[in-house]
Amino acid sequence: MRHLALAAALLAAVVYPLLVPNYLATVGMLMFFTAFIGQSWNISGGFAGQTSFGHAAFFGVGAYTSTILQVTYGWNPWLAWPAAMAMGGLVGAGIAVLSFRAGLRGSYFALITLAFAEVFRIAANSASITRGGLGMLIKADQRPINFQFKDQIWIYYLAFALCLVSLLIAWWLTRSRFGARLVAIRENEDAARALGIDVFTEKVKVLALSGAMCAAGGTFYAQKYLYIDPNIAFGIDKSVEMLLVTMVGGAGTIFGPLIGSIALTTINELTRAAASVFPALKNVQPLSLIVYGAMLVLIVARLPDGFASLLGRRRHA
Amino acid sequence: MLDPQIIIAGVLNGLLAGGIYVLVAVGLTLIYGVLHIINFAHGSLLMLAMYAVFFLWRLAGLDPYVSLPLVTAGAFAVGFVLYRLVIGRFSHGKDENILLITLGVSIVADNLALLFFGGDTQTIDVPYAGDIIQVGAAFLPLPKVISCGAALLICLVLGLFMTRTDTGKAIRAVARERQGARLVGIDVEHVFAVSYGIGIACLGAAACLLMPTFYVTPQSGYAFVLVAFTIVVLGGMGSFLGAAVGGFLIGITESLGGLFLGEQLGQIGISLIFILILLLKPTGLFGSRA
């Protein structure tokens, strides 16, 4: 029954862009992309319980690494992509080593990640290698070899593939010993240490994995929009977006970030539709974030496992 | 090299800005010390208070210094109610959860401001905005001098309140030993709400002192939250003396950072201090616990 539902969902996702107007295909692309970067947050924030307020640091490092390699050093973007992931992984591991060696936990870890993202943002705003606040443009040359596509359907499928890979990684975490160790650390760090888990190493590993994934999302973003600037790359909005979709959908669950992303995208589109009917609501972006901020409060307070837990409960009933 | 006169002027300007930072940070450190809540909504609530000052000026013609008692009292009420309705009711369990709740509150506040007030930068024109007083070779803007003095005076009053009044003593008792305070008959939940209210009232006063020389946008909260956290972490979470010293140090850092590194890169100093303190000495300068 479950396999059938999954197969149907997969099929629907594959044929979806062929059936709907371009605009809705782009909405679907954004949904999968947000689910993907949300999943990168979920790996460290959900499964391993290391709440981060600064995942934009990894996102931005990925976006800037591939863009600089491509624009300044003439690399092919497909080759620059793994390099960006490696940088994201390194930065993730680096922040983790520094923070966890200092014994930071919980809120303090969340706040220091925010400060790291802020340092990156200010540095990118001032450095010449990132062209400062002007941002960096990638020259449009719409050929697949350049990681640019004339037909936007391919970028949809790429986002879909990224999302699938991230779901597989999350699924692997629920079945592997590594994932089990992460959950043990999340539930009780001292108990996990007493069981013989090398807490420090596991946490560094998961931040490296999460950072690499998030950096992959950064490169994807830069290639889709062909432009990146310090506020887009390292601003708190991206960090909050990743955290929100995961917390609302269900932190530490396989489908949480996807569910959260579908919900956020739907709310976004509904408010947009409402705005076209009632011109008084012309400012839509804040409206959906108000709903989402309120949902975050209610979910942390009343439904700590997110909407995914509702689905799970019904299945077992 | 830079003329020492310019550096002295920079330090003085930093000290003046620091005075208001002290007031903002005292509110944050009070909330942490009593409730053990890291109030991520601190900056956003300051931003809302700044809009309140702005609209009182624009719609009712009230000078920010005149509206100070009004905005401070209003901020206390908002904090008290916010604690009773949201923060106190929902914040239990892991400390990240409380951080996430206050993040949710700040997202709602920021976007409500964007929805109703728009994204434009708003400023207040007061007749004394351009007045200057001369101290040695340094020229200091009069409103900044007044604001800094007023901020320190308010901190002093708050300190007297905490040491001399029964409510203040109850707050300190709860901060030190929750269970014991409950046992001697203190209504701990009430003290929590009052403390949160006082913490937010500090923001109301700070907003009035900031507006004559500063601007407000819906993003202002985010800029202040990092500064406030850095001050509190630098001084030591929960320490009043730490908030005072930290506020002035950060004010000077910001001013000299801007002088030596330029407007853009100068801000990096605050985030770097925050990171270094957390990594090297998480208890801060005057803190007792990590």
# chains A, B, ... in the order shown; residues from 1 in each chain; ligands from 1

$ interface_residues --of "chain B" --to "chain A" --cutoff "9 Å" --atoms "only C-alpha atoms" --output "PDB file with C-alpha atoms, in the first residue's frame"
ATOM      1  CA  ILE B  38      17.247  33.457  25.265  1.00  0.00           C
ATOM      2  CA  VAL B  86       2.687  32.924  24.278  1.00  0.00           C
ATOM      3  CA  ARG B  89       2.534  29.063  28.052  1.00  0.00           C
ATOM      4  CA  PHE B  90       4.527  27.447  25.266  1.00  0.00           C
ATOM      5  CA  SER B  91       8.107  27.625  26.450  1.00  0.00           C
ATOM      6  CA  HIS B  92       9.007  24.501  28.256  1.00  0.00           C
ATOM      7  CA  LYS B  94      14.614  22.009  25.767  1.00  0.00           C
ATOM      8  CA  ASP B  95      16.197  25.429  25.578  1.00  0.00           C
ATOM      9  CA  GLU B  96      16.324  25.295  21.764  1.00  0.00           C
ATOM     10  CA  ASN B  97      12.528  25.069  21.807  1.00  0.00           C
ATOM     11  CA  ILE B  98      12.279  28.354  23.665  1.00  0.00           C
ATOM     12  CA  LEU B  99      14.721  29.893  21.210  1.00  0.00           C
ATOM     13  CA  LEU B 100      12.570  28.613  18.328  1.00  0.00           C
ATOM     14  CA  ILE B 101       9.390  30.025  19.915  1.00  0.00           C
ATOM     15  CA  THR B 102      10.963  33.458  20.263  1.00  0.00           C
ATOM     16  CA  LEU B 103      12.286  33.137  16.683  1.00  0.00           C
ATOM     17  CA  GLY B 104       8.690  32.474  15.604  1.00  0.00           C
ATOM     18  CA  VAL B 105       7.543  35.573  17.489  1.00  0.00           C
ATOM     19  CA  SER B 106      10.234  37.652  15.794  1.00  0.00           C
ATOM     20  CA  ILE B 107       9.296  36.343  12.319  1.00  0.00           C
ATOM     21  CA  VAL B 108       5.668  37.286  12.966  1.00  0.00           C
ATOM     22  CA  ALA B 109       6.656  40.731  14.316  1.00  0.00           C
ATOM     23  CA  ASP B 110       9.045  41.546  11.461  1.00  0.00           C
ATOM     24  CA  ASN B 111       6.544  40.565   8.798  1.00  0.00           C
ATOM     25  CA  LEU B 112       3.620  42.308  10.475  1.00  0.00           C
ATOM     26  CA  ALA B 113       5.730  45.463  10.383  1.00  0.00           C
ATOM     27  CA  LEU B 114       6.525  44.863   6.712  1.00  0.00           C
ATOM     28  CA  LEU B 115       2.852  44.246   5.945  1.00  0.00           C
ATOM     29  CA  GLY B 118       6.004  48.865   4.358  1.00  0.00           C
ATOM     30  CA  TYR B 222      17.736  41.759  13.182  1.00  0.00           C
ATOM     31  CA  LEU B 226      23.048  40.417  17.118  1.00  0.00           C
ATOM     32  CA  PHE B 229      23.419  39.114  22.130  1.00  0.00           C
ATOM     33  CA  GLN B 264      30.765  47.763   5.610  1.00  0.00           C
ATOM     34  CA  LEU B 265      33.609  45.720   7.025  1.00  0.00           C
ATOM     35  CA  GLY B 266      33.519  47.543  10.371  1.00  0.00           C
ATOM     36  CA  GLN B 267      30.448  45.576  11.430  1.00  0.00           C
ATOM     37  CA  ILE B 268      32.388  42.329  11.256  1.00  0.00           C
ATOM     38  CA  GLY B 269      33.991  43.107  14.619  1.00  0.00           C
ATOM     39  CA  ILE B 270      30.764  42.523  16.540  1.00  0.00           C
ATOM     40  CA  SER B 271      30.127  39.072  15.059  1.00  0.00           C
ATOM     41  CA  LEU B 272      33.772  38.106  15.531  1.00  0.00           C
ATOM     42  CA  PHE B 274      30.537  37.099  19.634  1.00  0.00           C
ATOM     43  CA  ILE B 275      32.159  34.001  18.112  1.00  0.00           C
ATOM     44  CA  LEU B 278      31.563  31.836  22.890  1.00  0.00           C
ATOM     45  CA  LEU B 279      34.521  29.728  21.776  1.00  0.00           C
ATOM     46  CA  LEU B 280      37.080  30.909  24.301  1.00  0.00           C
ATOM     47  CA  LYS B 281      35.221  32.130  27.381  1.00  0.00           C
ATOM     48  CA  PRO B 282      31.516  31.324  27.212  1.00  0.00           C
TER      49      PRO B 282
END

$ closest_residue --among "A:Ala308, A:Ala233, A:Leu137, A:Ala56" --to "Pro257 of chain A" --atoms "only C-alpha atoms"
A:Ala308

$ residues_around --residues "Leu164 of chain A" --least-positions-apart "6" --cutoff "12 Å" --atoms "only C-alpha atoms" --output "list of chain:residue names"
A:Leu6, A:Ala9, A:Leu10, A:Ala13, A:Val14, A:Phe32, A:Phe33, A:Ala35, A:Phe36, A:Ile37, A:Gln39, A:Tyr157, A:Leu158, A:Ala170, A:Trp171, A:Ile254, A:Phe255, A:Pro257, A:Leu258

$ write_last_selection --atoms "N, CA, C and O atoms" --output "short mmCIF file (atom, residue, chain, number, x, y, z; two decimals), in the first residue's frame"
data_model
loop_
_atom_site.label_atom_id
_atom_site.label_comp_id
_atom_site.auth_asym_id
_atom_site.auth_seq_id
_atom_site.Cartn_x
_atom_site.Cartn_y
_atom_site.Cartn_z
N LEU A 6 3.85 5.65 -2.88
CA LEU A 6 5.11 6.29 -3.25
C LEU A 6 5.29 6.30 -4.77
O LEU A 6 5.69 7.31 -5.35
N ALA A 9 3.11 8.90 -6.27
CA ALA A 9 3.63 10.25 -6.04
C ALA A 9 4.79 10.54 -6.98
O ALA A 9 4.89 11.62 -7.57
N LEU A 10 5.67 9.54 -7.16
CA LEU A 10 6.80 9.70 -8.08
C LEU A 10 6.32 9.99 -9.49
O LEU A 10 6.80 10.91 -10.15
N ALA A 13 4.94 13.40 -9.87
CA ALA A 13 5.98 14.43 -9.90
C ALA A 13 6.65 14.47 -11.27
O ALA A 13 7.05 15.54 -11.74
N VAL A 14 6.78 13.29 -11.92
CA VAL A 14 7.46 13.26 -13.22
C VAL A 14 6.58 13.87 -14.31
O VAL A 14 7.07 14.64 -15.14
N PHE A 32 10.63 21.66 -4.69
CA PHE A 32 11.62 20.60 -4.51
C PHE A 32 12.96 21.16 -4.04
O PHE A 32 13.65 20.56 -3.23
N PHE A 33 13.32 22.33 -4.57
CA PHE A 33 14.58 22.95 -4.17
C PHE A 33 14.55 23.29 -2.68
O PHE A 33 15.49 22.99 -1.93
N ALA A 35 12.68 21.95 -0.44
CA ALA A 35 12.68 20.69 0.30
C ALA A 35 14.10 20.14 0.41
O ALA A 35 14.50 19.59 1.44
N PHE A 36 14.88 20.33 -0.65
CA PHE A 36 16.26 19.82 -0.65
C PHE A 36 17.12 20.56 0.38
O PHE A 36 17.77 19.92 1.22
N ILE A 37 17.11 21.89 0.34
CA ILE A 37 17.94 22.59 1.32
C ILE A 37 17.37 22.42 2.73
O ILE A 37 18.11 22.38 3.71
N GLN A 39 16.07 19.68 3.74
CA GLN A 39 16.57 18.36 4.17
C GLN A 39 18.01 18.46 4.67
O GLN A 39 18.39 17.78 5.63
N TYR A 157 13.40 19.03 -13.30
CA TYR A 157 13.80 17.63 -13.05
C TYR A 157 15.06 17.54 -12.20
O TYR A 157 15.23 16.63 -11.41
N LEU A 158 15.95 18.51 -12.39
CA LEU A 158 17.17 18.52 -11.59
C LEU A 158 16.84 18.74 -10.11
O LEU A 158 17.34 18.04 -9.22
N ALA A 170 18.16 10.77 3.85
CA ALA A 170 17.40 10.76 5.11
C ALA A 170 16.92 9.35 5.42
O ALA A 170 16.96 8.90 6.57
N TRP A 171 16.47 8.63 4.37
CA TRP A 171 16.01 7.25 4.56
C TRP A 171 17.15 6.38 5.07
O TRP A 171 17.00 5.60 5.99
N ILE A 254 11.78 11.66 7.58
CA ILE A 254 12.25 11.63 6.19
C ILE A 254 11.53 12.67 5.35
O ILE A 254 12.13 13.43 4.60
N PHE A 255 10.19 12.74 5.49
CA PHE A 255 9.42 13.58 4.59
C PHE A 255 9.12 14.96 5.16
O PHE A 255 8.48 15.78 4.49
N PRO A 257 10.83 17.88 5.65
CA PRO A 257 11.14 19.07 4.86
C PRO A 257 10.29 19.18 3.59
O PRO A 257 9.88 20.28 3.21
N LEU A 258 9.99 18.04 2.95
CA LEU A 258 9.17 18.07 1.74
C LEU A 258 7.75 18.52 2.08
O LEU A 258 7.18 19.38 1.40
#

$ select_by_dssp --residues "segment 109-278 of chain A" --states "alpha helix (DSSP H)" --output "PyMOL selection string"
chain A and resi 109-126+153-175+177-187+189-194+199-225+230-234+236-249+256-277

$ residues_around --residues "segment 190-203 of chain A" --least-positions-apart "6" --cutoff "8 Å" --atoms "only C-alpha atoms" --output "PyMOL selection string"
chain A and resi 48+96-97+100-101+178+181-182+184

$ closest_residue --among "A:Phe47, A:Trp75, A:Tyr64, A:Phe147" --to "Thr174 of chain A" --atoms "only C-alpha atoms"
A:Phe47

$ atom_distance --atom1 "atom CA of Leu256 of chain B" --atom2 "atom CA of Phe139 of chain B"
16.2 Å

$ atom_distance --atom1 "atom CA of Ala151 of chain B" --atom2 "atom CA of Val233 of chain B"
20.2 Å
